[in-house]
>>> print(open('upload24.pdb').read())   # PDB, C-alpha atoms
ATOM      1  CA  MET Y 169     -17.797  63.662  53.245  1.00  0.00           C
ATOM      2  CA  THR Y 170     -16.562  60.711  55.257  1.00  0.00           C
ATOM      3  CA  GLU Y 171     -13.370  60.724  57.286  1.00  0.00           C
ATOM      4  CA  GLY Y 172     -11.774  58.426  54.699  1.00  0.00           C
ATOM      5  CA  ASP Y 173     -12.636  60.865  51.925  1.00  0.00           C
ATOM      6  CA  ARG Y 174     -11.104  63.693  53.924  1.00  0.00           C
ATOM      7  CA  GLU Y 175      -7.878  61.740  54.445  1.00  0.00           C
ATOM      8  CA  ARG Y 176      -7.657  60.818  50.750  1.00  0.00           C
ATOM      9  CA  LEU Y 177      -8.105  64.463  49.885  1.00  0.00           C
ATOM     10  CA  LYS Y 178      -5.314  65.446  52.281  1.00  0.00           C
ATOM     11  CA  LEU Y 179      -2.988  62.802  50.854  1.00  0.00           C
ATOM     12  CA  THR Y 180      -3.669  63.949  47.304  1.00  0.00           C
ATOM     13  CA  ALA Y 181      -3.009  67.577  48.230  1.00  0.00           C
ATOM     14  CA  ASN Y 182       0.193  66.547  50.015  1.00  0.00           C
ATOM     15  CA  PHE Y 183       1.332  64.565  46.963  1.00  0.00           C
ATOM     16  CA  LEU Y 184       0.755  67.583  44.707  1.00  0.00           C
ATOM     17  CA  ASN Y 185       2.715  69.770  47.105  1.00  0.00           C
ATOM     18  CA  ILE Y 186       5.636  67.305  47.115  1.00  0.00           C
ATOM     19  CA  LEU Y 187       5.576  67.235  43.307  1.00  0.00           C
ATOM     20  CA  ALA Y 188       5.631  71.028  43.318  1.00  0.00           C
ATOM     21  CA  ALA Y 189       8.651  71.122  45.625  1.00  0.00           C
ATOM     22  CA  GLY Y 190      10.487  68.515  43.559  1.00  0.00           C
ATOM     23  CA  THR Y 191       9.771  70.399  40.356  1.00  0.00           C
ATOM     24  CA  VAL Y 192      11.053  73.656  41.787  1.00  0.00           C
ATOM     25  CA  ILE Y 193      14.243  72.090  43.167  1.00  0.00           C
ATOM     26  CA  THR Y 194      15.235  69.808  40.303  1.00  0.00           C
ATOM     27  CA  GLY Y 195      13.917  71.815  37.402  1.00  0.00           C
ATOM     28  CA  GLY Y 196      14.089  75.323  38.742  1.00  0.00           C
ATOM     29  CA  VAL Y 197      17.057  75.713  41.037  1.00  0.00           C
ATOM     30  CA  ALA Y 198      19.538  73.068  39.883  1.00  0.00           C
ATOM     31  CA  PRO Y 199      19.819  74.084  36.189  1.00  0.00           C
ATOM     32  CA  LEU Y 200      20.150  77.732  37.137  1.00  0.00           C
ATOM     33  CA  ILE Y 201      22.964  77.004  39.590  1.00  0.00           C
ATOM     34  CA  ALA Y 202      24.662  74.773  37.011  1.00  0.00           C
ATOM     35  CA  ALA Y 203      24.454  77.565  34.429  1.00  0.00           C
ATOM     36  CA  ILE Y 204      25.807  80.164  36.845  1.00  0.00           C
ATOM     37  CA  PHE Y 205      28.800  78.043  37.814  1.00  0.00           C
ATOM     38  CA  GLN Y 206      29.213  76.841  34.208  1.00  0.00           C
ATOM     39  CA  THR Y 207      29.111  73.163  35.126  1.00  0.00           C
ATOM     40  CA  SER Y 208      26.730  72.260  32.295  1.00  0.00           C
ATOM     41  CA  VAL Y 209      26.286  73.010  28.606  1.00  0.00           C
ATOM     42  CA  VAL Y 210      23.168  75.044  29.363  1.00  0.00           C
ATOM     43  CA  SER Y 211      23.639  78.765  28.873  1.00  0.00           C
ATOM     44  CA  LEU Y 212      22.592  81.232  31.532  1.00  0.00           C
ATOM     45  CA  ALA Y 213      19.613  82.309  29.401  1.00  0.00           C
ATOM     46  CA  GLY Y 214      18.555  78.682  28.906  1.00  0.00           C
ATOM     47  CA  GLY Y 215      18.937  77.964  32.586  1.00  0.00           C
ATOM     48  CA  LEU Y 216      16.895  81.015  33.474  1.00  0.00           C
ATOM     49  CA  LEU Y 217      14.132  80.104  31.030  1.00  0.00           C
ATOM     50  CA  GLY Y 218      14.009  76.520  32.280  1.00  0.00           C
ATOM     51  CA  SER Y 219      13.978  77.719  35.858  1.00  0.00           C
ATOM     52  CA  LEU Y 220      11.111  80.102  35.241  1.00  0.00           C
ATOM     53  CA  ILE Y 221       9.067  77.397  33.540  1.00  0.00           C
ATOM     54  CA  CYS Y 222       9.672  74.930  36.368  1.00  0.00           C
ATOM     55  CA  LEU Y 223       8.928  77.539  39.001  1.00  0.00           C
ATOM     56  CA  ALA Y 224       5.615  78.263  37.268  1.00  0.00           C
ATOM     57  CA  VAL Y 225       4.740  74.554  37.059  1.00  0.00           C
ATOM     58  CA  GLY Y 226       5.664  74.129  40.721  1.00  0.00           C
ATOM     59  CA  TYR Y 227       3.434  77.046  41.668  1.00  0.00           C
ATOM     60  CA  LEU Y 228       0.542  75.590  39.664  1.00  0.00           C
ATOM     61  CA  LEU Y 229       0.918  72.187  41.336  1.00  0.00           C
ATOM     62  CA  HIS Y 230       1.051  73.806  44.766  1.00  0.00           C
ATOM     63  CA  SER Y 231      -2.041  75.874  43.960  1.00  0.00           C
ATOM     64  CA  ALA Y 232      -3.893  72.749  42.837  1.00  0.00           C
ATOM     65  CA  GLY Y 233      -3.105  71.101  46.167  1.00  0.00           C
ATOM     66  CA  ARG Y 234      -4.327  74.157  48.073  1.00  0.00           C
ATOM     67  CA  SER Y 235      -7.562  74.237  46.107  1.00  0.00           C
ATOM     68  CA  LEU Y 236      -8.167  70.593  47.031  1.00  0.00           C
ATOM     69  CA  LEU Y 237      -7.757  71.448  50.694  1.00  0.00           C
ATOM     70  CA  ARG Y 238     -10.355  74.200  50.420  1.00  0.00           C
ATOM     71  CA  ARG Y 239     -12.939  71.450  49.931  1.00  0.00           C
ATOM     72  CA  LEU Y 240     -12.379  70.464  53.561  1.00  0.00           C
ATOM     73  CA  ASP Y 241     -13.927  73.734  54.726  1.00  0.00           C
ATOM     74  CA  ARG Y 242     -17.263  72.912  53.133  1.00  0.00           C
TER      75      ARG Y 242
END
>>> encode(input="upload24.pdb", output="structure tokens")
Amino acid sequence: MTEGDRERLKLTANFLNILAAGTVITGGVAPLIAAIFQTSVVSLAGGLLGSLICLAVGYLLHSAGRSLLRRLDR
């Protein structure tokens, strides 16, 4: 693997990690807070369900980025 390939791999993993963080914040935390403080039409149960789904998607994206970085050890 060339140095350029290694850098592309790092950038891709970093991009997936940023997507994971964005998904967790905007889709996981924000709707739940809005439901708790009753600032949206989403019920608490709906906010919790949406938050759990987004947290799971964020975790999967983060895990995909980590698995890409494991290729660097080879």
>>> resolve_selection(input="upload24.pdb", expression="the PyMOL selection byres ((chain Y and resi 186-193) around 6)", output="list in words")
Phe183, Leu184, Asn185, Thr194, Gly195, Gly196, Val197, Cys222, Leu223, Gly226, Leu229 and His230 of chain Y
>>> atom_distance(input="upload24.pdb", atom1="CA of Ala232 in chain Y", atom2="CA of Leu220 in chain Y")
18.4 Å
>>> atom_distance(input="upload24.pdb", atom1="CA of Ala202 in chain Y", atom2="CA of Gly215 in chain Y")
7.9 Å
>>> atom_distance(input="upload24.pdb", atom1="CA of Arg242 in chain Y", atom2="CA of Met169 in chain Y")
9.3 Å
>>> axis_aligned_box(input="upload24.pdb", around="range 170-183 of chain Y", padding_each_side="5 Å", output="AutoDock Vina command-line options")
--center_x -7.6 --center_y 63.0 --center_z 52.1 --size_x 27.9 --size_y 19.2 --size_z 20.3
>>> closest_residue(input="upload24.pdb", among="Y:Leu240, Y:Ile204, Y:Leu228, Y:Val210", to="Thr170 in chain Y", atoms="only C-alpha atoms")
Y:Leu240
>>> closest_residue(input="upload24.pdb", among="Y:Gln206, Y:Ser211, Y:Ser235, Y:Ser219", to="Leu177 in chain Y", atoms="all atoms listed in the file")
Y:Ser235
>>> closest_residue(input="upload24.pdb", among="Y:Asn182, Y:Glu171, Y:Pro199, Y:Leu212", to="Leu237 in chain Y", atoms="only C-alpha atoms")
Y:Asn182
>>> residues_around(input="upload24.pdb", residues="Thr180 in chain Y", least_positions_apart="5", cutoff="9 Å", atoms="only C-alpha atoms", output="list in words")
Glu175, Asn185, Gly233 and Leu236 of chain Y
